[in-house]
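See below for my_file.cif, which holds mmCIF, C-alpha atoms.
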data_upload
loop_
_atom_site.label_atom_id
_atom_site.label_comp_id
_atom_site.auth_asym_id
_atom_site.auth_seq_id
_atom_site.Cartn_x
_atom_site.Cartn_y
_atom_site.Cartn_z
CA MET A 22 21.00 58.66 43.04
CA ASP A 23 21.77 61.57 40.67
CA ILE A 24 23.85 61.10 37.51
CA GLU A 25 23.67 64.76 36.53
CA ASP A 26 26.75 65.91 38.51
CA PRO A 27 29.30 63.46 37.01
CA ILE A 28 28.00 64.16 33.51
CA LYS A 29 28.14 67.94 34.02
CA THR A 30 31.72 67.78 35.32
CA THR A 31 32.88 65.55 32.46
CA VAL A 32 31.24 67.70 29.78
CA GLU A 33 32.76 70.89 31.25
CA GLU A 34 36.25 69.36 31.16
CA ILE A 35 35.84 68.11 27.59
CA ARG A 36 34.59 71.54 26.47
CA LYS A 37 37.85 73.05 27.71
CA VAL A 38 39.77 70.80 25.32
CA LEU A 39 37.38 71.12 22.36
CA ASN A 40 38.10 74.75 21.67
CA ILE A 41 38.49 76.34 18.22
CA ASP A 42 41.90 77.64 19.27
CA ASN A 43 43.01 74.01 19.47
CA VAL A 44 41.78 73.22 15.93
CA VAL A 45 43.27 76.23 14.13
CA GLY A 46 46.33 77.11 16.17
CA LYS A 47 47.85 80.48 16.83
CA PRO A 48 49.85 81.79 13.85
CA ILE A 49 53.63 81.51 13.98
CA GLU A 50 55.29 84.47 12.28
CA THR A 51 58.82 84.81 10.91
CA ASP A 52 60.37 87.49 8.70
CA GLU A 53 59.31 85.71 5.51
CA LEU A 54 56.48 83.36 6.53
CA LEU A 55 53.22 83.15 8.44
CA MET A 56 52.48 79.57 9.51
CA ILE A 57 49.11 78.43 10.84
CA PRO A 58 48.84 74.96 12.39
CA VAL A 59 45.67 72.91 11.77
CA THR A 60 44.63 69.91 13.88
CA LYS A 61 41.97 67.23 13.92
CA MET A 62 40.07 66.57 17.11
CA GLY A 63 38.03 63.64 18.32
CA MET A 64 36.21 62.79 21.51
CA GLY A 65 34.35 60.03 23.25
CA PHE A 66 31.96 60.19 26.16
CA GLY A 67 30.04 57.78 28.35
CA ALA A 68 27.92 57.81 31.49
CA GLY A 69 26.09 55.27 33.54
CA MET A 70 24.15 54.70 36.73
CA GLY A 71 23.03 51.64 38.62
CA GLU A 72 21.00 50.79 41.68
CA GLY A 73 20.53 47.53 43.47
CA SER A 74 19.93 45.95 46.82
CA MET A 75 21.83 43.40 48.81
CA ASP A 76 19.89 42.06 51.73
CA ALA A 77 18.77 45.06 53.75
CA ASN A 78 21.40 47.46 52.35
CA SER A 79 20.51 49.49 49.27
CA MET A 80 23.50 50.19 47.02
CA GLY A 81 24.01 52.22 43.89
CA GLY A 82 26.52 54.19 41.90
CA ALA A 83 26.94 56.60 39.04
CA GLY A 84 29.84 57.62 36.86
CA ALA A 85 30.79 59.47 33.73
CA GLY A 86 33.97 59.62 31.70
CA GLY A 87 35.28 61.05 28.50
CA ALA A 88 38.39 61.53 26.45
CA ALA A 89 39.51 63.87 23.71
CA GLY A 90 42.45 63.71 21.36
CA ILE A 91 44.19 66.27 19.18
CA ASP A 92 46.15 65.23 16.09
CA PRO A 93 48.19 67.77 14.06
CA ILE A 94 47.32 67.29 10.38
CA ALA A 95 48.55 70.30 8.39
CA MET A 96 50.38 73.59 8.36
CA ILE A 97 49.16 76.52 6.26
CA VAL A 98 52.19 78.48 5.09
CA VAL A 99 51.74 82.02 3.74
CA GLN A 100 54.77 83.62 2.09
CA LYS A 101 54.95 87.33 2.82
CA GLY A 102 55.32 89.48 -0.26
CA VAL A 103 53.88 86.83 -2.60
CA SER A 104 50.33 87.63 -3.59
CA GLY A 105 47.68 85.26 -4.81
CA PRO A 106 47.50 81.50 -4.48
CA GLU A 107 51.21 81.17 -5.31
CA GLY A 108 52.01 82.58 -1.87
CA VAL A 109 49.92 80.05 0.07
CA LYS A 110 50.74 76.38 0.57
CA VAL A 111 49.11 73.72 2.72
CA LEU A 112 51.66 71.22 3.99
CA SER A 113 50.33 67.91 5.24
CA LEU A 114 51.86 66.63 8.47
CA LYS A 115 50.55 63.12 7.85
CA SER A 116 52.28 60.66 5.60
CA PRO A 117 50.00 60.29 2.57
CA ASP A 118 49.08 56.99 1.03
CA PRO A 119 50.54 56.31 -2.45
CA LEU A 120 47.38 57.43 -4.30
CA ALA A 121 47.18 60.74 -2.43
CA ARG A 122 50.88 61.35 -3.08
CA ALA A 123 50.44 60.66 -6.82
CA ILE A 124 47.42 62.99 -7.08
CA ALA A 125 49.31 65.76 -5.27
CA GLU A 126 52.31 65.43 -7.59
CA ILE A 127 50.12 65.44 -10.71
CA SER A 128 48.19 68.48 -9.44
CA THR A 129 51.38 70.40 -8.74
CA ALA A 130 52.77 69.56 -12.17
CA ALA A 131 49.51 70.56 -13.88
CA VAL A 132 49.45 73.96 -12.14
CA GLU A 133 53.08 74.59 -13.16
CA ILE A 134 52.42 73.60 -16.78
CA MET A 135 49.32 75.82 -16.98
CA GLY A 136 51.31 78.74 -15.57
CA GLN A 137 54.10 78.22 -18.11
CA GLY A 138 51.59 77.91 -20.96
CA ARG A 139 49.86 81.13 -19.98
CA LYS A 140 53.21 82.90 -19.75
CA MET A 141 54.15 81.70 -23.25
CA MET A 142 50.77 82.78 -24.65
CA MET A 143 51.17 86.24 -23.10
CA GLU A 144 54.66 86.57 -24.62
CA LYS A 145 53.26 85.71 -28.07
CA GLY A 146 50.42 88.17 -27.56
CA LYS A 147 47.72 85.53 -27.76
CA CYS A 148 46.60 85.83 -24.18
CA SER A 149 45.28 89.00 -22.64
CA THR A 150 45.41 89.93 -18.98
CA GLU A 151 42.22 91.95 -19.41
CA LYS A 152 38.87 90.53 -18.51
CA PRO A 153 36.65 89.70 -21.48
CA THR A 154 34.19 92.43 -22.38
CA GLU A 155 30.51 91.74 -22.21
CA LYS A 156 28.68 91.99 -25.51
CA LYS A 157 24.98 92.79 -25.60
CA PHE A 158 22.77 91.99 -28.50
CA GLU A 159 19.36 93.42 -29.19
CA VAL A 160 16.83 91.18 -30.86
CA THR A 161 13.92 92.72 -32.74
CA THR A 162 11.08 90.96 -34.43
CA GLU A 163 8.95 92.28 -37.24
CA LYS A 164 5.23 91.67 -37.33
#

Go ahead and render the structure in this file as structure tokens.
Amino acid sequence: MDIEDPIKTTVEEIRKVLNIDNVVGKPIETDELLMIPVTKMGMGFGAGMGEGSMDANSMGGAGAGGAAGIDPIAMIVVQKGVSGPEGVKVLSLKSPDPLARAIAEISTAAVEIMGQGRKMMMEKGKCSTEKPTEKKFEVTTEK
């Protein structure tokens, strides 16, 4: 009895499903947006074989089986014409638990407040858009 054939067939079929194109989907493009679907995948697999005898007849069997599932979890949305992180959003397709929802709202508010604060500082001339210059110091010792 050979268990190799059922296992090989099952693995080949599961590999067809577990493809990177199924995890990060093909982009969907509109005039203003580029949307990229993201999924979560899972799989299970099992195989077995048995032999036995019943009187003079020898009996046996082998089998393999597997399953895979794909669950959409997010959509990456890129706004055309908006550069930087402001133009990219990740939208969850799952309903978040209350803690995750609260953290997301606080994070969004914090980013908005920091952006407004920086804008105000720039208007008052206290914040520069230039990168800080590097200062080098030379240390000498006398003997």

Can you list, as a list in words, the residues that the PyMOL selection byres ((chain A and resi 98) around 12) selects here?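 Answer for the PyMOL selection byres ((chain A and resi 98) around 12): Pro48, Ile49, Glu50, Thr51, Glu53, Leu54, Leu55, Met56, Ile57, Pro58, Val59, Ala95, Met96, Ile97, Val99, Gln100, Lys101, Val103, Pro106, Glu107, Gly108, Val109, Lys110, Val111, Leu112 and Ser113 of chain A.
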
If I take CA of Ile28 (chain A) and CA of Asp92 (chain A), how far is one from the other in Å, to one decimal?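 Between CA of Ile28 (chain A) and CA of Asp92 (chain A) the gap is 25.2 Å.
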
Between CA of Gly90 (chain A) and CA of Lys115 (chain A), what is the distance, to one decimal in Å?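 Spanning CA of Gly90 (chain A) to CA of Lys115 (chain A) is a straight-line distance of 15.8 Å.
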
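The spacing separating CA of Leu120 (chain A) from CA of Ile134 (chain A) amounts to 21.0 Å.
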
Have a look at A:Met70, A:Ile41, A:Met142, A:Val132 and name the one nearest to Glu25 (chain A); count all atoms listed in the file. A:Met70
